[in-house]
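Colleague: Sharing upload10.cif (mmCIF, C-alpha atoms and all ligand atoms) below.
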```cif
data_data
loop_
_atom_site.label_atom_id
_atom_site.label_comp_id
_atom_site.auth_asym_id
_atom_site.auth_seq_id
_atom_site.Cartn_x
_atom_site.Cartn_y
_atom_site.Cartn_z
CA MET A 1 -62.04 -33.95 -55.32
CA PHE A 2 -58.86 -34.68 -57.07
CA PHE A 3 -55.69 -34.96 -54.98
CA SER A 4 -57.19 -34.71 -51.54
CA MET A 5 -55.18 -36.87 -49.15
CA LEU A 6 -58.16 -37.85 -47.07
CA GLY A 7 -60.74 -37.77 -49.78
CA ARG A 8 -64.36 -38.54 -49.47
CA ILE A 9 -65.90 -40.78 -52.08
CA CYS A 10 -67.45 -38.70 -54.83
CA ALA A 11 -70.99 -39.15 -55.97
CA THR A 12 -70.64 -39.66 -59.69
CA TYR A 13 -71.55 -36.75 -61.93
CA ILE A 14 -72.04 -39.03 -64.88
CA LEU A 15 -73.59 -42.37 -64.32
CA LEU A 16 -72.78 -45.51 -66.13
CA LEU A 17 -76.14 -47.06 -66.89
CA LEU A 18 -75.32 -50.76 -67.03
CA THR A 19 -78.00 -53.37 -67.01
CA ALA A 20 -78.37 -55.05 -63.64
CA CYS A 21 -76.63 -58.31 -64.44
CA SER A 22 -73.17 -58.33 -65.98
CA SER A 23 -72.22 -61.07 -68.36
CA PRO A 24 -69.38 -63.42 -67.39
CA LYS A 25 -67.30 -61.56 -69.95
CA GLU A 26 -67.60 -58.27 -68.12
CA LEU A 27 -65.29 -57.19 -65.33
CA HIS A 28 -65.94 -54.36 -62.88
CA ASP A 29 -63.28 -53.13 -60.52
CA SER A 30 -62.81 -49.95 -58.54
CA ARG A 31 -59.95 -48.27 -56.73
CA PHE A 32 -59.71 -45.17 -54.63
CA ILE A 33 -57.34 -42.92 -56.58
CA MET A 34 -57.10 -39.12 -56.93
CA GLY A 35 -59.51 -38.62 -54.06
CA THR A 36 -62.31 -40.41 -55.85
CA LEU A 37 -63.65 -43.86 -56.60
CA VAL A 38 -62.29 -44.82 -60.02
CA GLU A 39 -64.46 -47.47 -61.65
CA PHE A 40 -63.12 -49.70 -64.39
CA THR A 41 -65.49 -51.65 -66.62
CA VAL A 42 -64.05 -54.00 -69.23
CA SER A 43 -66.37 -55.98 -71.42
CA ASP A 44 -65.93 -58.85 -73.88
CA THR A 45 -62.36 -59.57 -72.75
CA ASP A 46 -60.66 -62.56 -71.14
CA ARG A 47 -60.86 -62.12 -67.36
CA THR A 48 -57.14 -62.60 -66.62
CA ILE A 49 -56.14 -60.10 -69.28
CA ALA A 50 -58.72 -57.62 -68.02
CA GLU A 51 -57.54 -57.99 -64.41
CA GLN A 52 -53.90 -57.44 -65.33
CA ALA A 53 -54.73 -54.47 -67.51
CA ILE A 54 -56.88 -52.81 -64.84
CA ALA A 55 -54.17 -53.32 -62.21
CA GLU A 56 -51.59 -51.71 -64.48
CA ALA A 57 -53.91 -48.83 -65.42
CA ALA A 58 -54.71 -48.19 -61.76
CA ASN A 59 -50.99 -48.12 -60.87
CA GLU A 60 -50.35 -45.64 -63.64
CA MET A 61 -53.18 -43.41 -62.47
CA GLN A 62 -51.83 -43.55 -58.92
CA ARG A 63 -48.36 -42.61 -60.23
CA ILE A 64 -49.91 -39.59 -61.97
CA GLU A 65 -51.66 -38.55 -58.78
CA ASP A 66 -48.36 -38.73 -56.90
CA SER A 67 -46.58 -36.68 -59.58
CA PHE A 68 -49.14 -33.88 -59.67
CA THR A 69 -50.73 -33.65 -56.24
CA ILE A 70 -50.23 -30.55 -54.14
CA TYR A 71 -51.47 -32.38 -51.03
CA GLY A 72 -49.61 -34.60 -48.57
CA ASP A 73 -45.96 -34.74 -47.50
CA HIS A 74 -44.55 -36.69 -50.41
CA PRO A 75 -42.31 -34.37 -52.49
CA ASN A 76 -42.91 -33.88 -56.21
CA SER A 77 -41.85 -31.37 -58.86
CA VAL A 78 -45.14 -29.42 -58.66
CA LYS A 79 -44.72 -28.78 -54.93
CA LEU A 80 -41.10 -27.78 -55.51
CA PHE A 81 -42.10 -25.38 -58.27
CA ASN A 82 -44.65 -23.82 -55.94
CA ILE A 83 -41.94 -22.85 -53.47
CA SER A 84 -39.31 -21.92 -56.08
CA ALA A 85 -37.84 -18.43 -55.96
CA VAL A 86 -39.76 -15.88 -58.03
CA ASP A 87 -38.28 -15.37 -61.52
CA HIS A 88 -35.90 -18.28 -60.97
CA PRO A 89 -36.39 -20.87 -63.79
CA VAL A 90 -36.58 -24.53 -62.78
CA SER A 91 -36.84 -27.72 -64.81
CA LEU A 92 -40.01 -29.77 -64.70
CA PRO A 93 -40.28 -33.41 -65.83
CA ASP A 94 -41.45 -33.70 -69.46
CA GLU A 95 -44.84 -35.04 -68.40
CA VAL A 96 -45.49 -32.12 -66.04
CA SER A 97 -44.17 -29.64 -68.59
CA LYS A 98 -46.50 -30.99 -71.30
CA LEU A 99 -49.60 -30.96 -69.10
CA LEU A 100 -48.71 -27.44 -68.00
CA GLU A 101 -48.49 -26.33 -71.65
CA THR A 102 -51.94 -27.79 -72.32
CA ALA A 103 -53.34 -26.17 -69.17
CA LEU A 104 -51.89 -22.78 -70.15
CA ALA A 105 -53.37 -23.13 -73.66
CA VAL A 106 -56.82 -23.75 -72.14
CA GLN A 107 -56.28 -20.80 -69.81
CA GLN A 108 -55.53 -18.58 -72.80
CA GLN A 109 -58.39 -19.93 -74.96
CA SER A 110 -60.87 -19.64 -72.12
CA GLY A 111 -59.90 -16.08 -71.26
CA ASN A 112 -58.48 -17.05 -67.85
CA ARG A 113 -61.62 -18.90 -66.77
CA PHE A 114 -59.44 -21.97 -66.39
CA ASN A 115 -56.29 -21.13 -64.45
CA PRO A 116 -53.75 -23.82 -63.43
CA ALA A 117 -51.99 -21.44 -60.99
CA LEU A 118 -54.67 -21.23 -58.31
CA ALA A 119 -53.12 -23.55 -55.70
CA ARG A 120 -52.82 -20.81 -53.13
CA LEU A 121 -56.44 -19.79 -53.56
CA ASN A 122 -57.66 -23.41 -53.64
CA LEU A 123 -55.73 -24.24 -50.47
CA LEU A 124 -57.11 -21.12 -48.80
CA TRP A 125 -60.69 -22.22 -49.52
CA GLY A 126 -59.67 -25.76 -48.51
CA PHE A 127 -62.33 -27.80 -50.30
CA SER A 128 -59.92 -30.73 -50.69
CA LEU A 129 -58.63 -30.62 -47.13
CA ASP A 130 -59.72 -32.74 -44.19
CA PRO A 131 -61.77 -31.56 -42.42
CA PRO A 132 -63.53 -29.62 -45.19
CA PRO A 133 -64.27 -25.95 -44.53
CA ASN A 134 -67.52 -24.66 -43.07
CA ALA A 135 -67.07 -20.92 -43.67
CA PRO A 136 -65.48 -18.84 -46.43
CA PRO A 137 -62.10 -17.18 -45.88
CA SER A 138 -62.02 -13.41 -45.40
CA ASP A 139 -62.46 -11.19 -48.40
CA LEU A 140 -58.97 -9.78 -47.83
CA ALA A 141 -57.38 -13.26 -47.67
CA ILE A 142 -59.13 -14.18 -50.93
CA ARG A 143 -58.00 -11.05 -52.74
CA THR A 144 -54.45 -11.58 -51.50
CA ALA A 145 -54.34 -15.15 -52.85
CA ILE A 146 -55.43 -14.40 -56.45
CA PRO A 147 -52.45 -14.66 -58.83
CA PRO A 148 -51.99 -12.30 -61.79
CA SER A 149 -53.56 -13.95 -64.85
CA GLU A 150 -50.21 -14.45 -66.60
CA CYS A 151 -47.57 -15.46 -64.10
CA ILE A 152 -46.02 -18.69 -65.41
CA LYS A 153 -43.14 -18.22 -67.85
CA HIS A 154 -41.57 -20.79 -70.15
CA ILE A 155 -37.90 -19.86 -70.47
CA ALA A 156 -35.59 -22.08 -72.56
CA LYS A 157 -37.26 -25.38 -71.57
CA GLN A 158 -37.53 -24.28 -67.97
CA TRP A 159 -40.37 -22.73 -66.03
CA ALA A 160 -40.51 -19.77 -63.68
CA ARG A 161 -43.21 -18.06 -61.70
CA SER A 162 -43.24 -14.29 -61.75
CA ASP A 163 -45.24 -13.82 -58.57
CA ARG A 164 -45.32 -15.65 -55.26
CA ARG A 165 -49.14 -15.97 -55.41
CA CYS A 166 -48.63 -18.07 -58.52
CA GLN A 167 -48.68 -21.75 -57.51
CA LEU A 168 -49.64 -24.67 -59.72
CA ASP A 169 -52.70 -26.80 -59.05
CA PHE A 170 -53.58 -29.37 -61.72
CA GLY A 171 -56.81 -30.33 -59.92
CA GLY A 172 -58.93 -29.18 -62.87
CA ILE A 173 -57.11 -31.21 -65.55
CA ALA A 174 -54.95 -34.03 -64.16
CA LYS A 175 -57.81 -36.42 -63.44
CA GLY A 176 -58.70 -36.35 -67.13
CA TYR A 177 -55.08 -36.82 -68.08
CA ALA A 178 -54.83 -39.84 -65.74
CA ILE A 179 -57.94 -41.37 -67.34
CA ASP A 180 -56.36 -40.98 -70.79
CA ARG A 181 -53.22 -42.80 -69.62
CA GLY A 182 -55.36 -45.50 -68.02
CA ILE A 183 -57.25 -46.05 -71.30
CA ASP A 184 -53.92 -46.17 -73.18
CA ILE A 185 -52.87 -49.03 -70.92
CA LEU A 186 -56.13 -50.94 -71.38
CA LYS A 187 -55.70 -50.56 -75.16
CA LYS A 188 -52.10 -51.75 -74.93
CA HIS A 189 -53.44 -54.97 -73.42
CA GLY A 190 -55.70 -55.42 -76.44
CA ILE A 191 -58.86 -54.25 -74.71
CA ALA A 192 -61.33 -52.69 -77.15
CA ASN A 193 -64.44 -52.24 -74.99
CA ALA A 194 -64.06 -50.43 -71.67
CA ILE A 195 -64.89 -47.45 -69.51
CA ILE A 196 -62.87 -45.63 -66.89
CA ASN A 197 -65.11 -43.47 -64.74
CA ALA A 198 -63.40 -41.32 -62.11
CA GLY A 199 -66.29 -39.79 -60.19
CA GLY A 200 -67.99 -38.52 -63.32
CA ASP A 201 -64.90 -37.88 -65.43
CA MET A 202 -65.16 -40.63 -67.99
CA ARG A 203 -63.66 -42.03 -71.15
CA LEU A 204 -65.19 -44.98 -72.96
CA ILE A 205 -63.96 -47.08 -75.85
CA GLY A 206 -65.75 -49.53 -78.10
CA GLN A 207 -69.16 -50.88 -77.24
CA HIS A 208 -71.05 -52.72 -74.53
CA HIS A 209 -71.97 -56.17 -75.89
CA GLN A 210 -72.26 -54.93 -79.50
CA GLN A 211 -74.41 -52.00 -78.40
CA PRO A 212 -73.47 -48.41 -77.56
CA TRP A 213 -72.63 -47.72 -73.93
CA LYS A 214 -75.50 -46.05 -72.09
CA ILE A 215 -74.39 -43.01 -70.12
CA GLY A 216 -76.58 -40.84 -67.93
CA ILE A 217 -75.77 -37.23 -67.11
CA ARG A 218 -76.72 -36.55 -63.52
CA HIS A 219 -79.29 -33.90 -62.76
CA PRO A 220 -77.41 -31.20 -60.80
CA ARG A 221 -80.33 -30.57 -58.43
CA LYS A 222 -81.94 -34.02 -58.19
CA ALA A 223 -79.44 -36.58 -56.89
CA GLY A 224 -80.08 -40.01 -58.38
CA SER A 225 -82.03 -38.61 -61.30
CA VAL A 226 -80.76 -38.42 -64.87
CA LEU A 227 -80.85 -35.18 -66.84
CA SER A 228 -80.04 -36.79 -70.15
CA SER A 229 -79.32 -40.32 -71.26
CA LEU A 230 -76.76 -40.82 -74.03
CA SER A 231 -75.78 -43.75 -76.23
CA LEU A 232 -72.07 -43.48 -76.92
CA GLN A 233 -69.52 -45.70 -78.67
CA GLY A 234 -66.09 -45.57 -80.27
CA ASP A 235 -63.76 -43.38 -78.25
CA VAL A 236 -65.55 -40.70 -76.26
CA SER A 237 -64.38 -38.58 -73.34
CA ILE A 238 -67.20 -37.05 -71.32
CA VAL A 239 -66.66 -35.05 -68.15
CA THR A 240 -68.96 -33.06 -65.88
CA SER A 241 -68.09 -30.29 -63.45
CA GLY A 242 -70.82 -29.40 -60.97
CA ASP A 243 -71.41 -27.19 -57.94
CA TYR A 244 -73.16 -29.93 -55.96
CA GLU A 245 -70.35 -32.22 -54.94
CA ARG A 246 -67.85 -30.36 -52.82
CA PHE A 247 -69.57 -27.48 -51.09
CA PHE A 248 -70.68 -26.09 -47.79
CA ILE A 249 -73.54 -23.80 -46.84
CA TYR A 250 -72.67 -20.70 -44.85
CA GLN A 251 -75.39 -18.30 -43.71
CA GLY A 252 -77.76 -19.82 -46.24
CA LYS A 253 -75.38 -19.48 -49.19
CA GLN A 254 -73.70 -22.33 -51.03
CA TYR A 255 -69.91 -22.23 -51.56
CA HIS A 256 -68.31 -24.81 -53.86
CA HIS A 257 -64.91 -25.78 -55.23
CA ILE A 258 -64.74 -24.27 -58.74
CA LEU A 259 -63.41 -20.77 -58.36
CA ASP A 260 -63.60 -17.78 -60.67
CA PRO A 261 -59.95 -16.73 -61.11
CA LYS A 262 -61.05 -13.12 -61.59
CA ASN A 263 -62.59 -12.62 -58.14
CA GLY A 264 -61.43 -15.68 -56.18
CA TYR A 265 -64.98 -16.78 -55.27
CA PRO A 266 -66.98 -19.87 -56.34
CA ALA A 267 -68.24 -19.35 -59.89
CA ARG A 268 -71.97 -18.61 -59.89
CA LYS A 269 -73.09 -18.84 -63.52
CA ASN A 270 -73.78 -22.59 -63.73
CA GLN A 271 -74.96 -25.63 -61.80
CA SER A 272 -73.14 -28.08 -64.06
CA ILE A 273 -71.29 -28.34 -67.35
CA THR A 274 -70.80 -31.59 -69.26
CA VAL A 275 -68.14 -31.62 -71.98
CA ILE A 276 -67.32 -34.07 -74.75
CA ALA A 277 -63.79 -33.55 -76.12
CA PRO A 278 -61.10 -35.49 -78.01
CA SER A 279 -59.41 -36.49 -74.73
CA ALA A 280 -60.47 -36.77 -71.09
CA MET A 281 -57.71 -34.26 -70.32
CA LEU A 282 -59.34 -31.58 -72.51
CA ALA A 283 -62.85 -32.53 -71.41
CA ASP A 284 -61.74 -32.13 -67.77
CA ALA A 285 -60.08 -28.75 -68.30
CA TRP A 286 -62.91 -27.37 -70.44
CA SER A 287 -65.66 -28.54 -68.09
CA THR A 288 -63.95 -26.52 -65.35
CA ALA A 289 -63.37 -23.53 -67.70
CA LEU A 290 -66.94 -23.46 -69.02
CA PHE A 291 -68.31 -23.88 -65.53
CA VAL A 292 -66.74 -20.51 -64.73
CA GLY A 293 -68.15 -19.03 -67.93
CA SER A 294 -68.15 -19.27 -71.69
CA PRO A 295 -65.58 -17.30 -73.71
CA ALA A 296 -66.69 -15.69 -77.00
CA THR A 297 -65.31 -18.65 -78.92
CA VAL A 298 -64.91 -22.23 -77.75
CA PRO A 299 -62.69 -24.57 -79.85
CA SER A 300 -64.88 -26.55 -82.28
CA ALA A 301 -63.68 -29.87 -80.82
CA ILE A 302 -65.28 -28.98 -77.48
CA ARG A 303 -69.01 -29.78 -77.25
CA PHE A 304 -70.96 -29.12 -74.10
CA LEU A 305 -74.22 -29.22 -72.23
CA SER A 306 -74.68 -26.49 -69.66
CA VAL A 307 -77.18 -26.11 -66.85
CA SER A 308 -77.16 -22.45 -65.82
CA SER A 309 -77.67 -21.33 -62.25
CA SER A 310 -81.34 -20.65 -63.07
CA GLY A 311 -81.68 -24.21 -64.41
CA HIS A 312 -81.69 -23.25 -68.11
CA ILE A 313 -80.26 -26.07 -70.23
CA VAL A 314 -78.27 -25.55 -73.43
CA ASP A 315 -77.37 -28.81 -75.17
CA ASN A 316 -74.53 -28.50 -77.69
CA LEU A 317 -73.33 -32.09 -77.33
CA ARG A 318 -74.69 -32.85 -80.81
CA ILE A 319 -75.50 -36.46 -80.00
CA LYS A 320 -78.07 -38.10 -82.24
CA LYS A 321 -80.89 -39.27 -79.99
P1 LIG B 401 -63.57 -32.28 -59.92
O1 LIG B 401 -62.11 -32.38 -59.68
O2 LIG B 401 -64.39 -32.26 -58.68
O3 LIG B 401 -64.06 -33.28 -60.93
P2 LIG B 401 -63.11 -30.06 -61.69
O4 LIG B 401 -62.52 -30.90 -62.74
O5 LIG B 401 -64.05 -28.99 -62.18
O6 LIG B 401 -63.88 -30.86 -60.57
O7 LIG B 401 -61.89 -29.39 -60.95
C1 LIG B 401 -62.04 -28.66 -59.76
C2 LIG B 401 -60.67 -28.53 -59.16
O8 LIG B 401 -59.86 -27.72 -60.03
C3 LIG B 401 -60.69 -27.79 -57.85
O9 LIG B 401 -60.77 -28.69 -56.77
C4 LIG B 401 -59.36 -27.06 -57.87
O10 LIG B 401 -58.31 -27.93 -57.52
C5 LIG B 401 -59.20 -26.72 -59.33
N1 LIG B 401 -59.85 -25.45 -59.75
C6 LIG B 401 -60.83 -24.73 -59.14
N2 LIG B 401 -61.18 -23.66 -59.90
C7 LIG B 401 -60.40 -23.71 -61.01
C8 LIG B 401 -60.28 -22.88 -62.16
N3 LIG B 401 -61.02 -21.80 -62.35
N4 LIG B 401 -59.35 -23.24 -63.09
C9 LIG B 401 -58.58 -24.34 -62.94
N5 LIG B 401 -58.64 -25.16 -61.88
C10 LIG B 401 -59.55 -24.85 -60.92
MG MG B 402 -61.93 -30.28 -64.60
#
```
Written as structure tokens, that's how I'd like the structure from this file.
Ligand code: ADP
Ligand code: MG

Modeller:
Amino acid sequence: MFFSMLGRICATYILLLLTACSSPKELHDSRFIMGTLVEFTVSDTDRTIAEQAIAEAANEMQRIEDSFTIYGDHPNSVKLFNISAVDHPVSLPDEVSKLLETALAVQQQSGNRFNPALARLNLLWGFSLDPPPNAPPSDLAIRTAIPPSECIKHIAKQWARSDRRCQLDFGGIAKGYAIDRGIDILKKHGIANAIINAGGDMRLIGQHHQQPWKIGIRHPRKAGSVLSSLSLQGDVSIVTSGDYERFFIYQGKQYHHILDPKNGYPARKNQSITVIAPSAMLADAWSTALFVGSPATVPSAIRFLSVSSSGHIVDNLRIKK
């Protein structure tokens, strides 16, 4: 539930399977950032260094939330862009511009299954608002909020929107980006073994006491139970998008927060998608994209495990068991 001002604590999609007792050389800390509980685990590092590094990483992740959020009263360049005059180019900070370029590339590669211009539609559904919704918007309101698939233009280092329905929402990618920046900061402090887990969006580095980290992928229909248990080490970003976290039931039907940009309704093909990618940013964006549906070709760097709406599992993570 990235960016919600009054967020509820997320149940983690991906579980960090740590043994019950932590060694004295392991530090756990958590902060509420980006509408979710962000858990930091640093192992085999001096405690003071780990504490300083985690504090700095958390501040950086909070700064990223503030720069990208579409919620709350605090102004930022994304909110300004979203009310800019149609066809009137505006400048965006380098960081926002770069993440937008990446988001648009994923949009193009995924055949518009990932779309970073759905703010109007996302706000209409209101999954990140407080109180959360308990009924879907009208069909007409939904159709009216869907932007054309190509409506963001890059014009001489500036950006313009070609339609007023076109409003940026980085909710499907910025959490991953924030995790990457957080890991950069831990590394800068000399930390070699750590995990940042933001409600199931995770990047790990190194090992856990000379052994691979043990990561469990949550079963989308059995809370508390693990679908698959993975041993991972080195530098791995692993992110899950699921239909079971932010949803409501209306007249017996479940409505959740990942929307199909083609019809404006919650995507129905999958229960969950777990992606491993070269960065948490790409894993985040592609888990959202693939949740909506799989394009004919997926970049080779993107590996995924899908659980379809009928419960059928396809495991392309290519992890040696
Ligand atoms: P979470 O943030 O819960 O981990 P995701 O990474 O899948 O889940 O992102 C879902 C968020 O992304 C939504 O809350 C919304 O802000 C935004 N979003 C919803 N549908 C799409 C989509 N098709 N493409 C891009 N962003 C989307
Ligand atoms: Mg995502």

Colleague: If you count all atoms listed in the file, which residues fall within 7 Å of region 163-175 of chain A, apart from same-chain ones fewer than 5 positions away, as a list in words?

Modeller: Phe2, Phe3, Phe68, Ile70, Val78, Asn82, Val86, Pro116, Ala117, Leu118, Ala119, Arg120, Ala145, Ile146, Pro147, Cys151, Met281, Asp284, Ala285 and Thr288 of chain A

Colleague: Which value, in Å to one decimal, gives the distance between CA of Leu317 (chain A) and CA of Arg246 (chain A)?

Modeller: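 CA of Arg246 (chain A) lies 25.2 Å from CA of Leu317 (chain A).
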
Colleague: (-41.3, -18.2, -59.0) in this file's frame - what residues fall within 7 Å of it? Use only C-alpha atoms and give the answer as number ranges by chain.

Modeller: A: 84-88, 160-164

Colleague: Any idea what the distance is between atom N3 of ligand LIG 401 (chain B) and CA of Gly293 (chain A)?

Modeller: 9.5 Å

Colleague: Between CA of Val275 (chain A) and CA of Asn316 (chain A), what is the distance in Å, rounded to a tenth?

Modeller: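 That distance, rounded to one decimal, is 9.1 Å.
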
Colleague: I'd like the contact shell of Gln233 (chain A) - 9 Å cut-off, all atoms listed in the file, skipping same-chain residues fewer than 5 positions apart - returned as a list in words.

Modeller: Leu204, Ile205, Gly206, Gln207, His208, Gln211, Pro212, Trp213 and Lys214 of chain A

Colleague: Name the closest residue to Ile183 (chain A) among the candidates A:Leu104, A:Ile33, A:Val298, A:Met61; distances are taken between atoms, counting only C-alpha atoms.

Modeller: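 Using only C-alpha atoms, the shortest distance to Ile183 (chain A) belongs to A:Met61.
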
Colleague: Could you list, as a ChimeraX atom specification, every residue within 8 Å of Ser30 (chain A), counting all atoms listed in the file and ignoring same-chain residues fewer than 2 positions away?

Modeller: /A:28,32,37-40

Colleague: Find the residue from A:Gly126, A:Gly199, A:Gly190, A:Pro148 that sits nearest to Asn112 (chain A); use all atoms listed in the file when measuring.

Modeller: A:Pro148

Colleague: Which neighbours of Pro133 (chain A) fall inside 10 Å, counting all atoms listed in the file, when residues of the same chain fewer than 4 positions from it are skipped, and could you give them as an MDAnalysis selection string?

Modeller: chainID A and resid 124:129 137 247:250 255

Colleague: Go through A:Leu100, A:Ala58, A:Val292, A:Val236 and flag the residue nearest ligand MG 402 (chain B), using only C-alpha atoms and all ligand atoms for the distances.

Modeller: A:Val292

Colleague: Between A:Ile179, A:Ile142, A:Leu99, A:Ile302, which has the minimum distance to Pro266 (chain A) (counting only C-alpha atoms)?

Modeller: A:Ile142

Colleague: Any idea what's packed within 7 Å of Ser229 (chain A), counting only C-alpha atoms, ignoring anything in its chain fewer than 5 positions away? Could you give it as an MDAnalysis selection string?

Modeller: chainID A and resid 214:217

Colleague: Counting all atoms listed in the file, which residues sit no farther than 10 Å from the position (-74.5, -30.8, -81.2) in the file's frame? I'd like them as a PyMOL selection string.

Modeller: chain A and resi 303-305+315-320
